[in-house]
>>> print(open('my_file-v7.csv').read())   # CSV, C-alpha atoms
chain,number,residue,atom,x,y,z
I,1,MET,CA,0.0,0.0,0.0
I,2,ARG,CA,2.8,2.5,0.9
I,3,TYR,CA,4.3,2.2,-2.6
I,4,HIS,CA,0.9,3.1,-4.1
I,5,LEU,CA,1.0,6.2,-1.8
I,6,VAL,CA,4.5,7.0,-3.1
I,7,ALA,CA,3.3,6.8,-6.7
I,8,LEU,CA,0.2,8.9,-5.8
I,9,PHE,CA,2.4,11.6,-4.2
I,10,THR,CA,4.6,11.7,-7.2
I,11,ILE,CA,1.7,12.2,-9.6
I,12,LEU,CA,0.1,14.8,-7.4
I,13,VAL,CA,3.3,16.9,-7.7
I,14,TRP,CA,3.8,16.2,-11.4
I,15,GLY,CA,0.2,17.1,-12.1
I,16,THR,CA,0.9,20.7,-11.0
I,17,THR,CA,4.2,21.0,-13.0
I,18,PHE,CA,2.3,21.9,-16.1
I,19,VAL,CA,1.1,25.1,-14.4
I,20,SER,CA,4.6,26.0,-13.2
I,21,THR,CA,6.1,25.5,-16.6
I,22,LYS,CA,3.3,27.5,-18.3
I,23,VAL,CA,4.1,30.4,-16.0
I,24,LEU,CA,7.8,30.2,-16.7
I,25,LEU,CA,7.2,30.1,-20.5
I,26,VAL,CA,6.4,33.8,-20.2
I,27,SER,CA,10.0,34.6,-19.3
I,28,LEU,CA,12.0,31.6,-20.6
I,29,SER,CA,12.2,29.3,-23.6
I,30,PRO,CA,11.3,25.6,-23.2
I,31,LEU,CA,15.0,24.5,-23.4
I,32,TRP,CA,16.2,27.0,-20.8
I,33,ILE,CA,13.4,25.9,-18.4
I,34,LEU,CA,14.5,22.3,-19.0
I,35,LEU,CA,18.2,23.1,-18.4
I,36,LEU,CA,17.6,25.1,-15.2
I,37,ARG,CA,15.2,22.6,-13.8
I,38,PHE,CA,17.4,19.6,-14.1
I,39,ALA,CA,20.6,21.5,-13.2
I,40,ILE,CA,18.9,22.3,-9.9
I,41,GLY,CA,17.8,18.8,-9.5
I,42,SER,CA,21.2,17.4,-10.2
I,43,ILE,CA,22.8,19.7,-7.6
I,44,VAL,CA,20.4,18.4,-5.0
I,45,LEU,CA,21.0,14.8,-5.8
I,46,CYS,CA,24.8,15.3,-5.9
I,47,ALA,CA,24.5,16.8,-2.4
I,48,LEU,CA,22.5,13.8,-1.2
I,49,ARG,CA,24.7,11.2,-2.9
I,50,PRO,CA,28.2,12.7,-3.6
I,51,HIS,CA,29.8,9.4,-4.4
I,52,ILE,CA,30.2,8.1,-7.9
I,53,LEU,CA,28.0,5.1,-8.7
I,54,ARG,CA,30.2,2.1,-9.7
I,55,LEU,CA,28.7,0.1,-12.5
I,56,ARG,CA,28.8,-3.7,-12.4
I,57,ASP,CA,29.0,-3.9,-16.1
I,58,ARG,CA,30.1,-1.1,-18.6
I,59,ARG,CA,27.1,-2.0,-20.8
I,60,HIS,CA,24.8,-0.7,-18.0
I,61,GLU,CA,25.9,2.8,-19.0
I,62,LEU,CA,23.8,2.5,-22.1
I,63,LEU,CA,20.7,2.0,-19.9
I,64,PHE,CA,21.4,5.2,-17.9
I,65,ALA,CA,22.2,7.1,-21.1
I,66,ALA,CA,18.9,5.9,-22.7
I,67,ALA,CA,17.0,6.8,-19.6
I,68,GLY,CA,18.5,10.3,-19.5
I,69,ALA,CA,17.8,10.8,-23.2
I,70,THR,CA,14.1,9.7,-22.9
I,71,GLY,CA,12.8,10.5,-19.4
I,72,ILE,CA,14.9,13.7,-18.9
I,73,ALA,CA,15.7,15.3,-22.2
I,74,ALA,CA,13.1,14.1,-24.8
I,75,TYR,CA,10.0,13.8,-22.6
I,76,TYR,CA,10.3,17.2,-20.9
I,77,LEU,CA,11.4,19.0,-24.0
I,78,LEU,CA,8.3,17.6,-25.8
I,79,GLU,CA,6.1,18.6,-22.9
I,80,ASN,CA,7.5,22.1,-22.6
I,81,VAL,CA,7.2,22.8,-26.3
I,82,ALA,CA,3.6,21.4,-26.3
I,83,LEU,CA,2.7,23.9,-23.6
I,84,VAL,CA,3.8,26.7,-25.9
I,85,PHE,CA,1.1,25.7,-28.4
I,86,THR,CA,-1.8,24.4,-26.3
I,87,THR,CA,-3.3,24.7,-22.8
I,88,ALA,CA,-1.9,23.1,-19.6
I,89,THR,CA,-5.2,21.1,-19.2
I,90,ALA,CA,-4.9,19.6,-22.7
I,91,VAL,CA,-1.3,18.5,-22.2
I,92,GLY,CA,-2.1,17.0,-18.8
I,93,VAL,CA,-4.9,15.1,-20.4
I,94,ILE,CA,-2.9,13.7,-23.4
I,95,VAL,CA,0.2,12.6,-21.4
I,96,ALA,CA,-2.2,10.3,-19.5
I,97,ALA,CA,-2.1,8.0,-22.5
I,98,SER,CA,1.3,6.8,-21.3
I,99,PRO,CA,-0.1,3.7,-19.5
I,100,LEU,CA,-1.4,2.3,-22.8
I,101,PHE,CA,2.1,2.6,-24.4
I,102,THR,CA,3.7,1.1,-21.3
I,103,ALA,CA,1.4,-1.9,-21.3
I,104,VAL,CA,1.9,-2.5,-25.0
I,105,ILE,CA,5.7,-2.2,-24.7
I,106,SER,CA,5.7,-4.5,-21.7
I,107,ALA,CA,3.6,-7.1,-23.6
I,108,LEU,CA,6.0,-6.9,-26.6
I,109,LEU,CA,8.8,-7.6,-24.2
I,110,GLY,CA,7.0,-10.6,-22.8
I,111,ASP,CA,5.2,-9.3,-19.7
I,112,ARG,CA,1.5,-9.8,-20.3
I,113,SER,CA,0.4,-10.2,-16.7
I,114,PHE,CA,-1.5,-6.9,-16.7
I,115,LEU,CA,-3.4,-7.4,-20.0
I,116,SER,CA,-6.6,-8.5,-18.4
I,117,ILE,CA,-10.2,-7.7,-19.4
I,118,ARG,CA,-10.5,-5.6,-16.3
I,119,PHE,CA,-7.4,-3.6,-17.2
I,120,PHE,CA,-8.6,-2.8,-20.7
I,121,ALA,CA,-12.1,-2.0,-19.4
I,122,GLY,CA,-10.5,0.5,-16.9
I,123,PHE,CA,-8.3,1.8,-19.6
I,124,MET,CA,-11.2,2.4,-22.0
I,125,LEU,CA,-13.2,4.2,-19.3
I,126,ALA,CA,-10.2,6.4,-18.4
I,127,MET,CA,-9.4,7.1,-22.1
I,128,GLY,CA,-13.0,8.1,-22.6
I,129,GLY,CA,-12.6,10.6,-19.7
I,130,LEU,CA,-9.4,11.9,-21.3
I,131,ILE,CA,-11.2,12.5,-24.6
I,132,VAL,CA,-14.1,14.3,-22.8
I,133,VAL,CA,-11.7,16.5,-20.9
I,134,GLY,CA,-9.6,17.2,-24.0
I,135,LEU,CA,-12.6,18.2,-26.1
I,136,ALA,CA,-14.0,20.4,-23.3
I,137,ALA,CA,-10.6,22.1,-22.8
I,138,GLY,CA,-10.3,22.7,-26.6
I,139,SER,CA,-13.7,24.2,-26.9
I,140,ASP,CA,-13.1,27.4,-24.9
I,141,ASP,CA,-12.0,30.7,-26.5
I,142,ALA,CA,-8.5,30.5,-25.1
I,143,ALA,CA,-7.8,27.1,-26.5
I,144,ALA,CA,-9.4,27.9,-29.8
I,145,SER,CA,-7.0,30.8,-30.2
I,146,PHE,CA,-4.2,28.4,-30.7
I,147,GLY,CA,-5.7,27.3,-34.0
I,148,ALA,CA,-3.7,24.7,-36.0
I,149,ASP,CA,-0.8,25.1,-33.5
I,150,GLY,CA,-3.0,23.5,-30.9
I,151,LEU,CA,-3.1,20.3,-32.9
I,152,LEU,CA,0.7,20.4,-33.0
I,153,GLY,CA,0.9,20.8,-29.3
I,154,ASP,CA,-1.5,17.8,-28.8
I,155,LEU,CA,0.7,15.6,-31.1
I,156,LEU,CA,3.8,16.6,-29.2
I,157,ALA,CA,2.1,15.7,-25.9
I,158,LEU,CA,1.1,12.3,-27.3
I,159,LEU,CA,4.7,11.7,-28.4
I,160,ALA,CA,5.8,12.7,-24.9
I,161,ALA,CA,3.5,10.0,-23.5
I,162,LEU,CA,5.2,7.3,-25.6
I,163,VAL,CA,8.6,8.5,-24.6
I,164,TRP,CA,7.6,8.4,-20.9
I,165,ALA,CA,6.5,4.8,-21.3
I,166,ILE,CA,9.9,3.8,-22.7
I,167,TYR,CA,11.6,5.6,-19.8
I,168,SER,CA,9.5,3.7,-17.3
I,169,ILE,CA,10.5,0.4,-18.8
I,170,LEU,CA,14.2,1.5,-18.6
I,171,VAL,CA,13.8,2.5,-15.0
I,172,GLN,CA,12.4,-0.9,-14.1
I,173,LYS,CA,15.4,-2.5,-15.9
I,174,ILE,CA,17.9,-0.3,-14.0
I,175,ALA,CA,16.1,-1.1,-10.7
I,176,SER,CA,16.3,-4.8,-11.4
I,177,LEU,CA,20.1,-4.6,-11.6
I,178,GLY,CA,20.1,-3.7,-7.9
I,179,TYR,CA,21.5,-0.1,-8.1
I,180,GLU,CA,20.5,2.3,-5.3
I,181,THR,CA,17.7,4.5,-6.3
I,182,ILE,CA,19.1,8.0,-5.5
I,183,ALA,CA,22.5,7.3,-7.0
I,184,SER,CA,21.0,5.8,-10.2
I,185,THR,CA,18.6,8.8,-10.5
I,186,LYS,CA,21.5,11.2,-10.2
I,187,ARG,CA,23.4,9.3,-13.0
I,188,THR,CA,20.3,9.5,-15.2
I,189,PHE,CA,19.9,13.3,-14.5
I,190,LEU,CA,23.6,13.9,-15.5
I,191,TRP,CA,23.1,12.0,-18.7
I,192,GLY,CA,19.9,14.0,-19.4
I,193,LEU,CA,21.9,17.2,-18.8
I,194,ALA,CA,24.5,16.0,-21.2
I,195,PHE,CA,21.9,16.0,-23.9
I,196,ILE,CA,20.0,19.1,-22.8
I,197,ALA,CA,23.0,21.5,-22.3
I,198,PRO,CA,24.3,21.5,-25.9
I,199,ALA,CA,20.8,21.7,-27.3
I,200,THR,CA,20.0,24.7,-25.1
I,201,PHE,CA,23.0,26.7,-26.1
I,202,LEU,CA,22.5,25.9,-29.8
I,203,PHE,CA,18.7,26.2,-30.1
I,204,GLY,CA,17.4,27.6,-26.8
I,205,GLY,CA,17.4,31.2,-28.1
I,206,ASP,CA,18.9,34.2,-26.3
I,207,LEU,CA,20.9,33.7,-23.2
I,208,MET,CA,18.7,33.6,-20.0
I,209,PRO,CA,18.4,37.1,-18.6
I,210,PRO,CA,19.8,37.1,-15.0
I,211,MET,CA,16.9,39.2,-13.8
I,212,VAL,CA,14.6,36.1,-14.2
I,213,LEU,CA,16.2,34.5,-11.2
I,214,LEU,CA,15.5,37.7,-9.1
I,215,GLN,CA,11.8,37.6,-9.8
I,216,TRP,CA,10.3,35.7,-6.8
I,217,ASP,CA,7.5,33.9,-8.8
I,218,ASP,CA,9.9,32.6,-11.5
I,219,ALA,CA,12.5,31.7,-8.8
I,220,LEU,CA,10.0,29.8,-6.8
I,221,ASN,CA,8.6,27.9,-9.8
I,222,LEU,CA,12.1,26.9,-10.8
I,223,LEU,CA,12.9,25.7,-7.3
I,224,PHE,CA,9.7,23.7,-7.2
I,225,LEU,CA,10.4,22.1,-10.6
I,226,GLY,CA,14.1,21.4,-9.7
I,227,VAL,CA,14.0,20.3,-6.1
I,228,VAL,CA,10.5,18.8,-5.6
I,229,ALA,CA,9.3,17.8,-9.0
I,230,SER,CA,12.7,16.6,-10.3
I,231,ALA,CA,15.1,15.6,-7.5
I,232,ALA,CA,12.5,14.3,-5.0
I,233,CYS,CA,9.9,12.9,-7.4
I,234,PHE,CA,12.2,11.1,-9.8
I,235,VAL,CA,13.5,9.2,-6.7
I,236,THR,CA,10.0,8.4,-5.5
I,237,TRP,CA,9.0,7.4,-9.0
I,238,GLY,CA,12.0,5.1,-9.2
I,239,VAL,CA,10.9,3.5,-5.9
I,240,SER,CA,7.3,3.0,-7.1
I,241,VAL,CA,8.4,1.5,-10.5
I,242,LYS,CA,10.8,-0.8,-8.7
I,243,HIS,CA,8.1,-2.2,-6.3
I,244,LEU,CA,4.9,-1.8,-8.4
I,245,GLY,CA,6.3,-2.3,-11.9
I,246,PRO,CA,6.1,0.2,-14.8
I,247,THR,CA,2.5,-0.7,-15.9
I,248,VAL,CA,0.9,-0.2,-12.4
I,249,SER,CA,3.0,2.9,-11.7
I,250,THR,CA,2.2,4.6,-15.0
I,251,THR,CA,-1.5,3.8,-14.5
I,252,TYR,CA,-1.5,6.6,-11.8
I,253,ILE,CA,-0.9,9.0,-14.7
I,254,TYR,CA,-4.6,8.7,-15.3
I,255,LEU,CA,-4.9,11.1,-12.4
I,256,VAL,CA,-2.9,13.8,-14.1
I,257,PRO,CA,-5.8,15.3,-15.9
I,258,ALA,CA,-7.8,15.8,-12.7
I,259,ILE,CA,-4.8,17.4,-10.9
I,260,THR,CA,-3.8,19.5,-13.9
I,261,ALA,CA,-7.3,20.7,-14.6
I,262,THR,CA,-7.8,21.7,-11.0
I,263,ALA,CA,-4.5,23.5,-10.8
I,264,SER,CA,-5.0,25.2,-14.1
I,265,ILE,CA,-8.5,26.4,-13.1
I,266,LEU,CA,-7.3,27.8,-9.8
I,267,LEU,CA,-4.0,29.3,-10.9
I,268,LEU,CA,-4.2,30.0,-14.6
I,269,GLY,CA,-7.9,30.8,-14.9
I,270,GLU,CA,-8.6,28.0,-17.4
I,271,PRO,CA,-12.4,27.2,-17.7
I,272,LEU,CA,-14.4,24.8,-15.5
I,273,SER,CA,-17.3,23.1,-17.2
I,274,PHE,CA,-19.5,20.0,-16.6
I,275,PRO,CA,-17.8,18.0,-19.3
I,276,ILE,CA,-14.4,18.6,-17.7
I,277,VAL,CA,-15.8,17.5,-14.3
I,278,ALA,CA,-17.4,14.4,-15.9
I,279,GLY,CA,-14.3,13.5,-17.7
I,280,VAL,CA,-12.2,13.8,-14.6
I,281,PHE,CA,-14.6,11.4,-12.7
I,282,MET,CA,-14.4,8.9,-15.7
I,283,THR,CA,-10.6,9.1,-15.5
I,284,VAL,CA,-10.4,8.4,-11.8
I,285,ALA,CA,-13.0,5.5,-12.1
I,286,GLY,CA,-10.9,4.0,-14.9
I,287,LEU,CA,-7.8,4.1,-12.7
I,288,LEU,CA,-9.6,2.3,-9.9
I,289,LEU,CA,-11.0,-0.3,-12.2
I,290,SER,CA,-7.7,-1.0,-13.9
I,291,GLN,CA,-6.0,-1.5,-10.6
I,292,LYS,CA,-8.2,-4.6,-9.8
I,293,ARG,CA,-6.8,-7.7,-11.3
I,294,GLU,CA,-8.8,-10.6,-9.9
I,295,LEU,CA,-9.5,-11.8,-13.5
I,296,ALA,CA,-7.0,-14.0,-15.3
I,297,PRO,CA,-4.9,-12.4,-18.1
I,298,ILE,CA,-6.5,-12.7,-21.5
I,299,TRP,CA,-3.3,-14.0,-23.0
>>> encode(input="my_file-v7.csv", output="structure tokens")
Amino acid sequence: MRYHLVALFTILVWGTTFVSTKVLLVSLSPLWILLLRFAIGSIVLCALRPHILRLRDRRHELLFAAAGATGIAAYYLLENVALVFTTATAVGVIVAASPLFTAVISALLGDRSFLSIRFFAGFMLAMGGLIVVGLAAGSDDAAASFGADGLLGDLLALLAALVWAIYSILVQKIASLGYETIASTKRTFLWGLAFIAPATFLFGGDLMPPMVLLQWDDALNLLFLGVVASAACFVTWGVSVKHLGPTVSTTYIYLVPAITATASILLLGEPLSFPIVAGVFMTVAGLLLSQKRELAPIW
């Protein structure tokens, strides 16, 4: 039960990061936000675990590099850019498709233990909720103003969901090798920064204005993203994936639309309507249903 609570805490925090990122996009480019966020997170993790993780096999370095490239660099870049083109609510809804990709990838790799009738029934109910929320979020005047760019943002968010599923599989593989969670998360962060830093200086636009860090709202949002949402929550996510597996852990992502929609309504002024509320309830109900696995796997 406690590992389910760990996963729930992680998702509660991550569900609000869309709002923080949306606020920061007023002052910073997506790449600069990404670089600063994970630089702060890396500093925190290095302080917690200053020693260098010794690998049991040099080939394991490829797993950490792949995890950094997917879960740190690619996923958050796609998410940040998607937020430029569409609403925080829409992005929060679409990335909740990640459990489907995780289940499919796990099945392709031979783990079909979660592919039960109940799992798919819960998934379909949750996906129905996601569609309802997405349509409702896209029907308001603010979302409509994005025009065709809104579709681009939606596609980028969907690609981010696929990338996160791959990352979750990699995290489970790393955990199965017996490496300590904080130290392995630090190594993944450093690999992510190795991909992010060159891209930021080449394609991130103008250098970050120093005054941004002196504005308390931007500084607080960066600290929240770097310390809590990155350093702390990547560790708790690694713990949940290690003990629950990637399919069960990513299923909690179904809650992201509810959390993001609530935070967006309260903090960004995005609209609240009956379809959004109904879609959120469908999403949560699908999560609860998919977590029950008394029925035998269908394969």
>>> residues_around(input="my_file-v7.csv", residues="Leu162 of chain I", least_positions_apart="3", cutoff="7 Å", atoms="only C-alpha atoms", output="list in words")
Ser98, Phe101, Leu158, Leu159, Ala165 and Ile166 of chain I
>>> closest_residue(input="my_file-v7.csv", among="I:Met1, I:Val23, I:Met282, I:Ala66", to="Tyr167 of chain I", atoms="only C-alpha atoms")
I:Ala66
>>> residues_near_point(input="my_file-v7.csv", point="(5.4, 22.0, -10.5)", cutoff="8 Å", atoms="all atoms listed in the file", output="list in words")
Val13, Trp14, Gly15, Thr16, Thr17, Phe18, Val19, Ser20, Thr21, Asn221, Phe224, Leu225, Val228 and Ala229 of chain I
>>> residues_around(input="my_file-v7.csv", residues="Ala161 of chain I", least_positions_apart="2", cutoff="10 Å", atoms="all atoms listed in the file", output="MDAnalysis selection string")
chainID I and resid 75 78:79 91 94:102 155:159 163:167 253
>>> write_last_selection(input="my_file-v7.csv", atoms="C-alpha atoms", output="short mmCIF file (atom, residue, chain, number, x, y, z; two decimals), keeping the file's coordinate frame")
data_model
loop_
_atom_site.label_atom_id
_atom_site.label_comp_id
_atom_site.auth_asym_id
_atom_site.auth_seq_id
_atom_site.Cartn_x
_atom_site.Cartn_y
_atom_site.Cartn_z
CA TYR I 75 10.00 13.80 -22.60
CA LEU I 78 8.30 17.60 -25.80
CA GLU I 79 6.10 18.60 -22.90
CA VAL I 91 -1.30 18.50 -22.20
CA ILE I 94 -2.90 13.70 -23.40
CA VAL I 95 0.20 12.60 -21.40
CA ALA I 96 -2.20 10.30 -19.50
CA ALA I 97 -2.10 8.00 -22.50
CA SER I 98 1.30 6.80 -21.30
CA PRO I 99 -0.10 3.70 -19.50
CA LEU I 100 -1.40 2.30 -22.80
CA PHE I 101 2.10 2.60 -24.40
CA THR I 102 3.70 1.10 -21.30
CA LEU I 155 0.70 15.60 -31.10
CA LEU I 156 3.80 16.60 -29.20
CA ALA I 157 2.10 15.70 -25.90
CA LEU I 158 1.10 12.30 -27.30
CA LEU I 159 4.70 11.70 -28.40
CA VAL I 163 8.60 8.50 -24.60
CA TRP I 164 7.60 8.40 -20.90
CA ALA I 165 6.50 4.80 -21.30
CA ILE I 166 9.90 3.80 -22.70
CA TYR I 167 11.60 5.60 -19.80
CA ILE I 253 -0.90 9.00 -14.70
#
>>> residues_around(input="my_file-v7.csv", residues="Pro246 of chain I", least_positions_apart="5", cutoff="9 Å", atoms="only C-alpha atoms", output="MDAnalysis selection string")
chainID I and resid 99 102:103 106 165 168:169 171:172 240:241 251
>>> atom_distance(input="my_file-v7.csv", atom1="atom CA of Ala39 of chain I", atom2="atom CA of Phe203 of chain I")
17.6 Å
>>> closest_atom_pairs(input="my_file-v7.csv", of="segment 27-50 of chain I", to="segment 80-86 of chain I", cutoff="10 Å", atoms="all atoms listed in the file", output="Markdown table")
| residue | atom | partner | partner_atom | distance |
| --- | --- | --- | --- | --- |
| I:Ser29 | CA | I:Val81 | CA | 8.6 |
| I:Pro30 | CA | I:Asn80 | CA | 5.2 |
| I:Leu31 | CA | I:Asn80 | CA | 7.9 |
| I:Ile33 | CA | I:Asn80 | CA | 8.2 |
| I:Leu34 | CA | I:Asn80 | CA | 7.9 |
>>> write_last_selection(input="my_file-v7.csv", atoms="C-alpha atoms", output="compact mmCIF listing (two decimals), in the coordinates of the input")
# COMPACT_ATOMS: atom_id res chain seq x y z
CA SER I 29 12.20 29.30 -23.60
CA PRO I 30 11.30 25.60 -23.20
CA LEU I 31 15.00 24.50 -23.40
CA ILE I 33 13.40 25.90 -18.40
CA LEU I 34 14.50 22.30 -19.00
